[in-house]
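The next block holds one structure in the form of structure tokens; read it before the comments.
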Amino acid sequence: MTTCSKDDMSFAGVHILGAPYKIDKEYEYFIPTEFRGKISIGAVVIVPFGGGNRHVAGIVSSVYAETALPKYKSIIGLTPGNLCIGEELYGICEFLKERCFCSIGDASKAVLPSGFSVRTSILYEYAGKEPTDEINVAAAEIVRYVSQKGEVSESELKGAFQKCIPTLKLLCTKGYLRKISRADCKVNTKSSNYVRLLLNADELYELHNFPGTTYTPKQLAAIFELEKNPFSPVDEFRELSGVSDSVLRELRKKNVVEILPIPKDRNPYADIKSENTTDFELSECQKNAFDKLCELYRSETANAALLHGVTGSGKTNVMQKLVDVCVSDGKSVIILVPEIALTSQAVGIFVKRYGDKVAVLHSGLSTGERLDAWKRINSGDAPVVLGTRSAIFAPVKNLGLIIIDEEQEASFKSEMTPRYHARDIARFRCAKNDALMLLCSATPSIESYYKAQKGIYTLVEMTERFGNAALPNVEMCDLRNDEGNFGLPDNIPEVFADGKKPIAQKILGDRLLSEIKNNLENKQQTILFINRRGYQSFLSCKKCGFVMECPYCSVSMTYHKYGFRREGKMVCHYCGHTADVPKLCPVCGSEHISAMGTGTQMLEEQLGLYFPEARLLRMDTDTTGGKFSHDTILKSFRNGEADILLGTQMVTKGHDFPNVSLVGVINADASLHIPDFRANEKTFSLMTQVVGRAGRGDLLGRALVQTYAPDHEVLIHSSKQDYKSFYESEIRFRQAAKYPPFCDIAVVCFTAETENEVQLAVSAFGRELDEAIGKEFSDVKLIVFGPFEAGIYKIAGKYRMRYIIKCRNNPRTRQLFSHLYSHFPESNGNVSMSIDMDPQNL
């Protein structure tokens, strides 16, 4: 077999980035001579596509020397900097297409760096034909306008000539104009201008001794100032020397200086310097875990391990030691955390330890910051990558280790196209690189622990807290027996002048209030968890029972209080729609409208009434919208600037606050009864994680769990941090009911703007499915439920219906779903269809 160099490759297979799934395939293109050697698998190129030869972006999937096609089109351009994601990341795109039922273009959106965009412009150029009587005066004016300018954009012509699109089509048809499209690829880079002195030592000597009249005094001053630092940032040079822009312009004209744009690295964590931190010793339990994991890593074959340790056992210490080994071997590491809120603590650990070798990727950063981090990773300057789910696509070189912390979290599964799970991508990458995938959690997902029990993953356990710290004492507070005797401070009346009570709906039980008071007196910190933001869950009419719903979604609107005057607003947590609270019921006209339920705002308000001297911090989506707001809140609490941290799930996992001795759960029952087979698992994980925030330092921890079901098996297991007993109970239920890990679940969802369209779509899909499994795919075994309305039938004005299908996620089943997905859109253009394999939320 003859081998060919890159320069010999004359043809490339290209996937069009904007192509829909139905026509997403490899298209062959000729590689012009000027691009030979610059194009490889994963390169982003500009190609003509379709009958009109629109200029579009594509990604190279193969290169070869010859083609059997008699006719072919040519690649017409490259992207700035010859952007190429490489063969491994392109392989991930193909993996996503096959596993997640998306196009290569959709997959590439997850893999390509932030800040990369392709804009297609429609242009018209003069075709050389003079206007004749066959066209009217207005059309002739357009021809003359274009001929004078050479090329004119369609948007410019629309502005210059009213309603000109039909005329433009006519002029192209008759040969007066040519319509062309041009793709413009942009990469969001930022640069700083530097000034460089071009004079050599002899020329500078002459100026010092024989200045002459060539340069003004100000120009000479600028030259002599630059002599001290011949390459300086323009802004800094102007500020220090007092030189104006006009002086620099004149010096450029005289070829004395040049101005160079130097790319600027936008790294928001650059101020965090690496420290010569004193190395720590692992406990015996930690060292045993580290030795097992190090053995797997050293095997130089692909491995997967589950590090299961109780809360506070020091899993992070083991992770650090393993990263040390990997970095010292010259290999790269990807560390995933489930939420932006956890990156603050992780950045503090890893950036201080490894300095500028660390790159951080998460959605809280600007597009430019993420792009520059991607570049540092791609160049090999940052072998340690830390981030949320999307960081799994980091373009690392020589991958040695992927760590997924809190691996059970649903946030590692994307709910948007491509609908991937970071764990699946990690397994793919580790298999390609003979690397180690390490899953870490105190409450592993049932599926992961099952694989560990079966030997698919290596199970590594840590059963004791670090430093002989004890697990927190957990107390179930039965709200059915709460007497409500804990009173408000004396200066707050029982009833205000308007007849309203300061606390209309008490959500803090006496026992929890008493413990919060003790903590405040002892100068110790408290974390309170309530799994709903806003003030109250919904508003309803007391007379007719009507609940205020979002006009665009089939959900009730949540009551929020805003501003200094605490004025009420209704907010939809799904589409963001806001509305004023009605004074009268829109159905019956009654004035008696009341809010029901509880939220973080109400909890904050009641804490302020009971403990006016307490310093409070609230952490939920409403308070963390700003850049680095998560970091600010957590840093403030860690520094002792607040007594109580209250919030949603953001406060429950991964945090390590040594002065927190009390954790309170406001309503442990909230997640127990959701219509999802994972309800017990999610509740157990949530309760175990939040309880584990207490007593992580020298203080004895305690946790109070408010509930109306203190005898519930899940709550009892979580209070004891008894994962194994919970797992044994849950796995029996899963096996009996045929739920994962004993099957896979595919959710096929249809979305349309009208109910009729979505209903017709699910009916058509049902017929297509029946026909497929009755003929070509008769060997594929499915259990089909539906069609029925989605849990929330309407979101953002679109109706949703779905099928839930139990199946086996194997190649044959995926072929069936791919067949259905490819054929369905032919007659249902107004309906969108998605297939989500093993979603985390049903």
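Chain labels A, B, ... are given in the sequence in which chains occur in the structure tokens; within each chain residues are numbered consecutively from 1, and ligands are likewise numbered from 1 in the order shown.
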Write out as a PDB file with N, CA and C atoms, in the first residue's frame which residues come within 12 Å of range 763-773 of chain A when counting only C-alpha atoms, dropping same-chain ones fewer than 5 positions away.
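The result, stored in around37.pdb:
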ATOM      1  N   VAL A 748     -39.102  10.247  23.117  1.00  0.00           N
ATOM      2  CA  VAL A 748     -39.264  10.874  21.803  1.00  0.00           C
ATOM      3  C   VAL A 748     -40.283  11.985  21.961  1.00  0.00           C
ATOM      4  N   CYS A 749     -39.822  13.220  21.786  1.00  0.00           N
ATOM      5  CA  CYS A 749     -40.663  14.385  22.083  1.00  0.00           C
ATOM      6  C   CYS A 749     -40.971  15.153  20.805  1.00  0.00           C
ATOM      7  N   PHE A 750     -42.193  15.662  20.703  1.00  0.00           N
ATOM      8  CA  PHE A 750     -42.648  16.443  19.550  1.00  0.00           C
ATOM      9  C   PHE A 750     -43.131  17.795  20.058  1.00  0.00           C
ATOM     10  N   ASN A 756     -53.111  20.870  17.298  1.00  0.00           N
ATOM     11  CA  ASN A 756     -53.462  19.994  16.189  1.00  0.00           C
ATOM     12  C   ASN A 756     -52.211  19.450  15.504  1.00  0.00           C
ATOM     13  N   GLU A 757     -51.215  20.329  15.301  1.00  0.00           N
ATOM     14  CA  GLU A 757     -49.985  19.897  14.633  1.00  0.00           C
ATOM     15  C   GLU A 757     -49.238  18.850  15.452  1.00  0.00           C
ATOM     16  N   VAL A 758     -49.159  19.067  16.744  1.00  0.00           N
ATOM     17  CA  VAL A 758     -48.389  18.122  17.560  1.00  0.00           C
ATOM     18  C   VAL A 758     -49.132  16.792  17.670  1.00  0.00           C
ATOM     19  N   SER A 778     -37.967  -5.792  13.059  1.00  0.00           N
ATOM     20  CA  SER A 778     -38.781  -6.711  13.850  1.00  0.00           C
ATOM     21  C   SER A 778     -37.972  -7.377  14.970  1.00  0.00           C
ATOM     22  N   ASP A 779     -36.643  -7.346  14.855  1.00  0.00           N
ATOM     23  CA  ASP A 779     -35.796  -7.958  15.878  1.00  0.00           C
ATOM     24  C   ASP A 779     -35.549  -7.049  17.080  1.00  0.00           C
ATOM     25  N   VAL A 780     -35.964  -5.782  16.989  1.00  0.00           N
ATOM     26  CA  VAL A 780     -35.742  -4.817  18.073  1.00  0.00           C
ATOM     27  C   VAL A 780     -36.908  -4.893  19.050  1.00  0.00           C
ATOM     28  N   LYS A 781     -36.623  -5.161  20.307  1.00  0.00           N
ATOM     29  CA  LYS A 781     -37.653  -5.307  21.325  1.00  0.00           C
ATOM     30  C   LYS A 781     -37.853  -3.975  22.060  1.00  0.00           C
ATOM     31  N   LEU A 782     -39.090  -3.513  22.063  1.00  0.00           N
ATOM     32  CA  LEU A 782     -39.434  -2.245  22.700  1.00  0.00           C
ATOM     33  C   LEU A 782     -40.661  -2.410  23.580  1.00  0.00           C
ATOM     34  N   ILE A 783     -40.736  -1.588  24.628  1.00  0.00           N
ATOM     35  CA  ILE A 783     -41.977  -1.418  25.391  1.00  0.00           C
ATOM     36  C   ILE A 783     -42.357   0.056  25.250  1.00  0.00           C
ATOM     37  N   VAL A 784     -43.460   0.313  24.556  1.00  0.00           N
ATOM     38  CA  VAL A 784     -43.813   1.678  24.173  1.00  0.00           C
ATOM     39  C   VAL A 784     -44.955   2.195  25.035  1.00  0.00           C
ATOM     40  N   PHE A 785     -44.754   3.395  25.604  1.00  0.00           N
ATOM     41  CA  PHE A 785     -45.805   4.081  26.366  1.00  0.00           C
ATOM     42  C   PHE A 785     -46.117   5.397  25.647  1.00  0.00           C
ATOM     43  N   GLY A 786     -47.399   5.636  25.415  1.00  0.00           N
ATOM     44  CA  GLY A 786     -47.779   6.895  24.787  1.00  0.00           C
ATOM     45  C   GLY A 786     -48.476   6.644  23.462  1.00  0.00           C
ATOM     46  N   PRO A 787     -48.791   7.762  22.767  1.00  0.00           N
ATOM     47  CA  PRO A 787     -48.356   9.121  23.090  1.00  0.00           C
ATOM     48  C   PRO A 787     -49.204   9.764  24.183  1.00  0.00           C
ATOM     49  N   PHE A 788     -48.583  10.683  24.906  1.00  0.00           N
ATOM     50  CA  PHE A 788     -49.320  11.465  25.895  1.00  0.00           C
ATOM     51  C   PHE A 788     -48.631  12.820  26.054  1.00  0.00           C
ATOM     52  N   MET A 801     -45.769  16.798  23.131  1.00  0.00           N
ATOM     53  CA  MET A 801     -46.250  15.446  23.388  1.00  0.00           C
ATOM     54  C   MET A 801     -45.086  14.483  23.197  1.00  0.00           C
ATOM     55  N   ARG A 802     -45.195  13.287  23.792  1.00  0.00           N
ATOM     56  CA  ARG A 802     -44.041  12.403  23.746  1.00  0.00           C
ATOM     57  C   ARG A 802     -44.427  10.932  23.870  1.00  0.00           C
ATOM     58  N   TYR A 803     -43.502  10.110  23.480  1.00  0.00           N
ATOM     59  CA  TYR A 803     -43.524   8.677  23.743  1.00  0.00           C
ATOM     60  C   TYR A 803     -42.392   8.389  24.724  1.00  0.00           C
ATOM     61  N   ILE A 804     -42.604   7.461  25.642  1.00  0.00           N
ATOM     62  CA  ILE A 804     -41.542   6.942  26.493  1.00  0.00           C
ATOM     63  C   ILE A 804     -41.364   5.472  26.131  1.00  0.00           C
ATOM     64  N   ILE A 805     -40.145   5.127  25.728  1.00  0.00           N
ATOM     65  CA  ILE A 805     -39.895   3.799  25.171  1.00  0.00           C
ATOM     66  C   ILE A 805     -38.790   3.106  25.956  1.00  0.00           C
ATOM     67  N   ARG A 812     -28.386  -1.768  17.083  1.00  0.00           N
ATOM     68  CA  ARG A 812     -29.590  -2.055  16.297  1.00  0.00           C
ATOM     69  C   ARG A 812     -30.735  -1.117  16.703  1.00  0.00           C
ATOM     70  N   THR A 813     -30.906  -0.878  17.986  1.00  0.00           N
ATOM     71  CA  THR A 813     -31.949   0.045  18.436  1.00  0.00           C
ATOM     72  C   THR A 813     -31.670   1.461  17.945  1.00  0.00           C
ATOM     73  N   GLN A 815     -30.100   2.232  15.261  1.00  0.00           N
ATOM     74  CA  GLN A 815     -30.423   2.257  13.831  1.00  0.00           C
ATOM     75  C   GLN A 815     -31.913   2.517  13.620  1.00  0.00           C
ATOM     76  N   LEU A 816     -32.748   1.889  14.447  1.00  0.00           N
ATOM     77  CA  LEU A 816     -34.191   2.102  14.353  1.00  0.00           C
ATOM     78  C   LEU A 816     -34.537   3.564  14.596  1.00  0.00           C
ATOM     79  N   PHE A 817     -34.014   4.136  15.679  1.00  0.00           N
ATOM     80  CA  PHE A 817     -34.340   5.529  15.997  1.00  0.00           C
ATOM     81  C   PHE A 817     -33.785   6.478  14.936  1.00  0.00           C
ATOM     82  N   SER A 818     -32.612   6.176  14.402  1.00  0.00           N
ATOM     83  CA  SER A 818     -32.047   7.001  13.336  1.00  0.00           C
ATOM     84  C   SER A 818     -32.934   6.958  12.096  1.00  0.00           C
ATOM     85  N   HIS A 819     -33.430   5.766  11.777  1.00  0.00           N
ATOM     86  CA  HIS A 819     -34.348   5.598  10.646  1.00  0.00           C
ATOM     87  C   HIS A 819     -35.616   6.440  10.856  1.00  0.00           C
ATOM     88  N   LEU A 820     -36.184   6.368  12.050  1.00  0.00           N
ATOM     89  CA  LEU A 820     -37.405   7.115  12.341  1.00  0.00           C
ATOM     90  C   LEU A 820     -37.158   8.624  12.282  1.00  0.00           C
ATOM     91  N   TYR A 821     -36.014   9.049  12.828  1.00  0.00           N
ATOM     92  CA  TYR A 821     -35.690  10.474  12.866  1.00  0.00           C
ATOM     93  C   TYR A 821     -35.442  11.012  11.462  1.00  0.00           C
ATOM     94  N   SER A 822     -34.796  10.209  10.610  1.00  0.00           N
ATOM     95  CA  SER A 822     -34.478  10.650   9.250  1.00  0.00           C
ATOM     96  C   SER A 822     -35.728  10.761   8.386  1.00  0.00           C
ATOM     97  N   HIS A 823     -36.686   9.872   8.593  1.00  0.00           N
ATOM     98  CA  HIS A 823     -37.861   9.844   7.726  1.00  0.00           C
ATOM     99  C   HIS A 823     -38.995  10.742   8.209  1.00  0.00           C
ATOM    100  N   PHE A 824     -39.039  11.020   9.474  1.00  0.00           N
ATOM    101  CA  PHE A 824     -40.190  11.743  10.002  1.00  0.00           C
ATOM    102  C   PHE A 824     -40.364  13.149   9.456  1.00  0.00           C
ATOM    103  N   PRO A 825     -39.327  14.007   9.351  1.00  0.00           N
ATOM    104  CA  PRO A 825     -39.539  15.404   8.983  1.00  0.00           C
ATOM    105  C   PRO A 825     -40.101  15.631   7.589  1.00  0.00           C
ATOM    106  N   GLU A 826     -40.152  14.600   6.720  1.00  0.00           N
ATOM    107  CA  GLU A 826     -40.584  14.796   5.340  1.00  0.00           C
ATOM    108  C   GLU A 826     -41.953  15.465   5.237  1.00  0.00           C
ATOM    109  N   SER A 827     -42.884  15.120   6.121  1.00  0.00           N
ATOM    110  CA  SER A 827     -44.236  15.665   6.000  1.00  0.00           C
ATOM    111  C   SER A 827     -44.647  16.457   7.232  1.00  0.00           C
ATOM    112  N   ASN A 828     -43.676  16.782   8.092  1.00  0.00           N
ATOM    113  CA  ASN A 828     -44.027  17.478   9.333  1.00  0.00           C
ATOM    114  C   ASN A 828     -43.051  18.624   9.593  1.00  0.00           C
ATOM    115  N   VAL A 831     -43.179  20.840  12.837  1.00  0.00           N
ATOM    116  CA  VAL A 831     -43.042  20.141  14.119  1.00  0.00           C
ATOM    117  C   VAL A 831     -41.578  19.771  14.325  1.00  0.00           C
ATOM    118  N   MET A 833     -38.820  17.417  16.348  1.00  0.00           N
ATOM    119  CA  MET A 833     -38.781  16.108  16.981  1.00  0.00           C
ATOM    120  C   MET A 833     -37.410  15.916  17.611  1.00  0.00           C
ATOM    121  N   SER A 834     -37.367  15.337  18.793  1.00  0.00           N
ATOM    122  CA  SER A 834     -36.089  15.047  19.441  1.00  0.00           C
ATOM    123  C   SER A 834     -36.153  13.666  20.073  1.00  0.00           C
TER     124      SER A 834
END
Mind checking DSSP for range 287-330 of chain A and telling me the alpha helix (DSSP H) residues as a list in words? Lys287, Asn288, Ala289, Phe290, Asp291, Lys292, Leu293, Cys294, Glu295, Leu296, Tyr297, Arg298, Lys315, Thr316, Asn317, Val318, Met319, Gln320, Lys321, Leu322, Val323, Asp324, Val325, Cys326, Val327 and Ser328 of chain A
For the selection you just gave me, I'd like the residues written to a file as a PDB file, in the first residue's frame, keeping N, CA and C atoms.
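Just written: again.pdb:
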ATOM      1  N   LYS A 287      -4.872   6.970  51.493  1.00  0.00           N
ATOM      2  CA  LYS A 287      -3.722   6.402  50.797  1.00  0.00           C
ATOM      3  C   LYS A 287      -4.076   5.078  50.131  1.00  0.00           C
ATOM      4  N   ASN A 288      -4.891   4.269  50.795  1.00  0.00           N
ATOM      5  CA  ASN A 288      -5.328   3.008  50.190  1.00  0.00           C
ATOM      6  C   ASN A 288      -6.089   3.266  48.896  1.00  0.00           C
ATOM      7  N   ALA A 289      -6.966   4.278  48.945  1.00  0.00           N
ATOM      8  CA  ALA A 289      -7.730   4.630  47.746  1.00  0.00           C
ATOM      9  C   ALA A 289      -6.800   5.147  46.658  1.00  0.00           C
ATOM     10  N   PHE A 290      -5.863   6.019  47.036  1.00  0.00           N
ATOM     11  CA  PHE A 290      -4.925   6.585  46.064  1.00  0.00           C
ATOM     12  C   PHE A 290      -4.081   5.491  45.411  1.00  0.00           C
ATOM     13  N   ASP A 291      -3.590   4.557  46.194  1.00  0.00           N
ATOM     14  CA  ASP A 291      -2.745   3.490  45.654  1.00  0.00           C
ATOM     15  C   ASP A 291      -3.495   2.653  44.623  1.00  0.00           C
ATOM     16  N   LYS A 292      -4.766   2.348  44.900  1.00  0.00           N
ATOM     17  CA  LYS A 292      -5.566   1.562  43.949  1.00  0.00           C
ATOM     18  C   LYS A 292      -5.768   2.333  42.640  1.00  0.00           C
ATOM     19  N   LEU A 293      -6.077   3.636  42.776  1.00  0.00           N
ATOM     20  CA  LEU A 293      -6.326   4.453  41.586  1.00  0.00           C
ATOM     21  C   LEU A 293      -5.041   4.671  40.802  1.00  0.00           C
ATOM     22  N   CYS A 294      -3.935   4.853  41.521  1.00  0.00           N
ATOM     23  CA  CYS A 294      -2.652   5.060  40.857  1.00  0.00           C
ATOM     24  C   CYS A 294      -2.252   3.808  40.071  1.00  0.00           C
ATOM     25  N   GLU A 295      -2.568   2.652  40.601  1.00  0.00           N
ATOM     26  CA  GLU A 295      -2.277   1.397  39.906  1.00  0.00           C
ATOM     27  C   GLU A 295      -3.061   1.313  38.601  1.00  0.00           C
ATOM     28  N   LEU A 296      -4.330   1.732  38.648  1.00  0.00           N
ATOM     29  CA  LEU A 296      -5.149   1.737  37.429  1.00  0.00           C
ATOM     30  C   LEU A 296      -4.587   2.714  36.409  1.00  0.00           C
ATOM     31  N   TYR A 297      -4.205   3.901  36.884  1.00  0.00           N
ATOM     32  CA  TYR A 297      -3.645   4.916  35.990  1.00  0.00           C
ATOM     33  C   TYR A 297      -2.338   4.430  35.353  1.00  0.00           C
ATOM     34  N   ARG A 298      -1.496   3.772  36.149  1.00  0.00           N
ATOM     35  CA  ARG A 298      -0.197   3.330  35.668  1.00  0.00           C
ATOM     36  C   ARG A 298      -0.288   2.143  34.708  1.00  0.00           C
ATOM     37  N   LYS A 315     -12.161  13.057  49.541  1.00  0.00           N
ATOM     38  CA  LYS A 315     -12.005  12.596  48.160  1.00  0.00           C
ATOM     39  C   LYS A 315     -11.179  13.593  47.342  1.00  0.00           C
ATOM     40  N   THR A 316     -11.341  14.888  47.648  1.00  0.00           N
ATOM     41  CA  THR A 316     -10.595  15.911  46.913  1.00  0.00           C
ATOM     42  C   THR A 316      -9.095  15.765  47.120  1.00  0.00           C
ATOM     43  N   ASN A 317      -8.674  15.392  48.319  1.00  0.00           N
ATOM     44  CA  ASN A 317      -7.242  15.179  48.573  1.00  0.00           C
ATOM     45  C   ASN A 317      -6.692  14.056  47.702  1.00  0.00           C
ATOM     46  N   VAL A 318      -7.457  12.995  47.567  1.00  0.00           N
ATOM     47  CA  VAL A 318      -7.040  11.877  46.716  1.00  0.00           C
ATOM     48  C   VAL A 318      -6.969  12.329  45.262  1.00  0.00           C
ATOM     49  N   MET A 319      -7.960  13.116  44.856  1.00  0.00           N
ATOM     50  CA  MET A 319      -7.968  13.641  43.494  1.00  0.00           C
ATOM     51  C   MET A 319      -6.722  14.478  43.224  1.00  0.00           C
ATOM     52  N   GLN A 320      -6.359  15.350  44.166  1.00  0.00           N
ATOM     53  CA  GLN A 320      -5.187  16.209  43.984  1.00  0.00           C
ATOM     54  C   GLN A 320      -3.920  15.385  43.799  1.00  0.00           C
ATOM     55  N   LYS A 321      -3.744  14.385  44.635  1.00  0.00           N
ATOM     56  CA  LYS A 321      -2.548  13.552  44.540  1.00  0.00           C
ATOM     57  C   LYS A 321      -2.481  12.829  43.189  1.00  0.00           C
ATOM     58  N   LEU A 322      -3.639  12.390  42.719  1.00  0.00           N
ATOM     59  CA  LEU A 322      -3.675  11.699  41.431  1.00  0.00           C
ATOM     60  C   LEU A 322      -3.357  12.661  40.296  1.00  0.00           C
ATOM     61  N   VAL A 323      -3.871  13.890  40.380  1.00  0.00           N
ATOM     62  CA  VAL A 323      -3.556  14.910  39.371  1.00  0.00           C
ATOM     63  C   VAL A 323      -2.064  15.233  39.407  1.00  0.00           C
ATOM     64  N   ASP A 324      -1.475  15.294  40.606  1.00  0.00           N
ATOM     65  CA  ASP A 324      -0.028  15.525  40.726  1.00  0.00           C
ATOM     66  C   ASP A 324       0.759  14.514  39.895  1.00  0.00           C
ATOM     67  N   VAL A 325       0.395  13.250  40.050  1.00  0.00           N
ATOM     68  CA  VAL A 325       1.092  12.176  39.331  1.00  0.00           C
ATOM     69  C   VAL A 325       0.939  12.357  37.828  1.00  0.00           C
ATOM     70  N   CYS A 326      -0.279  12.650  37.420  1.00  0.00           N
ATOM     71  CA  CYS A 326      -0.577  12.795  35.989  1.00  0.00           C
ATOM     72  C   CYS A 326       0.196  13.961  35.378  1.00  0.00           C
ATOM     73  N   VAL A 327       0.186  15.107  36.046  1.00  0.00           N
ATOM     74  CA  VAL A 327       0.877  16.295  35.531  1.00  0.00           C
ATOM     75  C   VAL A 327       2.386  16.059  35.491  1.00  0.00           C
ATOM     76  N   SER A 328       2.925  15.405  36.515  1.00  0.00           N
ATOM     77  CA  SER A 328       4.368  15.128  36.540  1.00  0.00           C
ATOM     78  C   SER A 328       4.778  14.179  35.416  1.00  0.00           C
TER      79      SER A 328
END
May I ask which of the residues A:Ser62, A:Ser313, A:Arg800, A:Lys806 is the closest one to Ala470 in chain A, counting only C-alpha atoms?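 Distance minimum relative to Ala470 in chain A lands on A:Ser313.
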With distances taken over only C-alpha atoms, which residue among A:Leu704, A:Phe684, A:Val460, A:Asp405 lies nearest Phe529 in chain A?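 Nearest to Phe529 in chain A: A:Leu704.
Among the candidate residues A:Asp372, A:Glu713, A:Asp434, A:Asp265, the one lying nearest to Asn303 in chain A is A:Asp434, with distances computed using only C-alpha atoms.
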CA of Lys682 in chain A and CA of Leu715 in chain A, how far apart in Å?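 Separation between CA of Leu715 in chain A and CA of Lys682 in chain A: 11.4 Å.
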Report as a Markdown table: every residue of range 621-724 of chain A with an atom at most 9 Å from range 514-523 of chain A, its closest pair of atoms, and their distance in Å to one decimal, counting only C-alpha atoms, with rows sorted by chain and ascending residue number.
| residue | atom | partner | partner_atom | distance |
| --- | --- | --- | --- | --- |
| A:Asp643 | CA | A:Leu520 | CA | 7.0 |
| A:Ile644 | CA | A:Ile516 | CA | 8.8 |
| A:Asn659 | CA | A:Lys523 | CA | 8.7 |
| A:Ser661 | CA | A:Asn519 | CA | 7.7 |
| A:Leu662 | CA | A:Asn519 | CA | 7.3 |
| A:Gly664 | CA | A:Ile516 | CA | 8.8 |
| A:Leu704 | CA | A:Glu515 | CA | 8.7 |
Written file, previous selection with all heavy atoms, as a PDB file, in the first residue's frame:
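Dumped to again.pdb:
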ATOM      1  N   ASP A 643     -23.732  34.777  58.918  1.00  0.00           N
ATOM      2  CA  ASP A 643     -24.013  33.729  59.898  1.00  0.00           C
ATOM      3  C   ASP A 643     -24.807  32.578  59.296  1.00  0.00           C
ATOM      4  O   ASP A 643     -24.651  31.427  59.708  1.00  0.00           O
ATOM      5  CB  ASP A 643     -24.803  34.316  61.077  1.00  0.00           C
ATOM      6  CG  ASP A 643     -24.089  35.486  61.727  1.00  0.00           C
ATOM      7  OD1 ASP A 643     -22.932  35.299  62.141  1.00  0.00           O
ATOM      8  OD2 ASP A 643     -24.676  36.582  61.790  1.00  0.00           O
ATOM      9  N   ILE A 644     -25.678  32.924  58.329  1.00  0.00           N
ATOM     10  CA  ILE A 644     -26.572  31.910  57.747  1.00  0.00           C
ATOM     11  C   ILE A 644     -26.521  32.009  56.238  1.00  0.00           C
ATOM     12  O   ILE A 644     -26.690  33.094  55.662  1.00  0.00           O
ATOM     13  CB  ILE A 644     -28.025  32.102  58.237  1.00  0.00           C
ATOM     14  CG1 ILE A 644     -28.105  32.013  59.762  1.00  0.00           C
ATOM     15  CG2 ILE A 644     -28.942  31.059  57.606  1.00  0.00           C
ATOM     16  CD1 ILE A 644     -29.482  32.343  60.324  1.00  0.00           C
ATOM     17  N   ASN A 659     -16.571  26.180  59.725  1.00  0.00           N
ATOM     18  CA  ASN A 659     -17.314  26.743  60.856  1.00  0.00           C
ATOM     19  C   ASN A 659     -18.806  26.427  60.806  1.00  0.00           C
ATOM     20  O   ASN A 659     -19.578  26.907  61.637  1.00  0.00           O
ATOM     21  CB  ASN A 659     -17.103  28.261  60.921  1.00  0.00           C
ATOM     22  CG  ASN A 659     -17.473  28.838  62.270  1.00  0.00           C
ATOM     23  OD1 ASN A 659     -17.203  28.237  63.314  1.00  0.00           O
ATOM     24  ND2 ASN A 659     -18.119  30.000  62.265  1.00  0.00           N
ATOM     25  N   SER A 661     -21.694  24.246  61.658  1.00  0.00           N
ATOM     26  CA  SER A 661     -22.003  23.142  62.572  1.00  0.00           C
ATOM     27  C   SER A 661     -23.460  22.717  62.497  1.00  0.00           C
ATOM     28  O   SER A 661     -23.835  21.687  63.065  1.00  0.00           O
ATOM     29  CB  SER A 661     -21.670  23.552  64.010  1.00  0.00           C
ATOM     30  OG  SER A 661     -22.422  24.690  64.393  1.00  0.00           O
ATOM     31  N   LEU A 662     -24.288  23.505  61.776  1.00  0.00           N
ATOM     32  CA  LEU A 662     -25.718  23.187  61.701  1.00  0.00           C
ATOM     33  C   LEU A 662     -26.204  23.291  60.263  1.00  0.00           C
ATOM     34  O   LEU A 662     -25.923  24.270  59.567  1.00  0.00           O
ATOM     35  CB  LEU A 662     -26.526  24.150  62.578  1.00  0.00           C
ATOM     36  CG  LEU A 662     -28.055  24.031  62.484  1.00  0.00           C
ATOM     37  CD1 LEU A 662     -28.537  22.678  62.997  1.00  0.00           C
ATOM     38  CD2 LEU A 662     -28.731  25.172  63.249  1.00  0.00           C
ATOM     39  N   GLY A 664     -29.920  22.809  58.142  1.00  0.00           N
ATOM     40  CA  GLY A 664     -31.359  22.623  58.267  1.00  0.00           C
ATOM     41  C   GLY A 664     -32.010  22.403  56.914  1.00  0.00           C
ATOM     42  O   GLY A 664     -31.719  23.132  55.951  1.00  0.00           O
ATOM     43  N   LEU A 704     -30.828  19.085  61.078  1.00  0.00           N
ATOM     44  CA  LEU A 704     -32.247  18.958  61.403  1.00  0.00           C
ATOM     45  C   LEU A 704     -33.028  18.923  60.102  1.00  0.00           C
ATOM     46  O   LEU A 704     -32.905  19.824  59.261  1.00  0.00           O
ATOM     47  CB  LEU A 704     -32.726  20.125  62.271  1.00  0.00           C
ATOM     48  CG  LEU A 704     -32.541  19.950  63.789  1.00  0.00           C
ATOM     49  CD1 LEU A 704     -31.069  19.905  64.155  1.00  0.00           C
ATOM     50  CD2 LEU A 704     -33.240  21.060  64.555  1.00  0.00           C
TER      51      LEU A 704
END
For a quick check of understanding, using only C-alpha atoms, which of A:Leu83, A:Tyr535, A:Ala183, A:Pro489 has the smallest distance to Pro612 in chain A?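 Going through A:Leu83, A:Tyr535, A:Ala183, A:Pro489 one by one, the smallest distance to Pro612 in chain A is for A:Pro489.
What separates CA of Leu401 in chain A from CA of Ile41 in chain A is a distance of 24.3 Å.
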Would you mind listing what lies within 12 Å of Cys553 in chain A as a list in words, with only C-alpha atoms counted and same-chain residues fewer than 2 positions away left out? Met548, Glu549, Cys550, Pro551, Val555, Ser556, Met557, Val571, Cys572, His573, Tyr574, Cys575, Gly576, His577, Glu753, Ala790, Gly791, Ile792, Tyr793, Lys794, Ile795, Ala796, Gly797, Lys798, Tyr799 and Arg800 of chain A
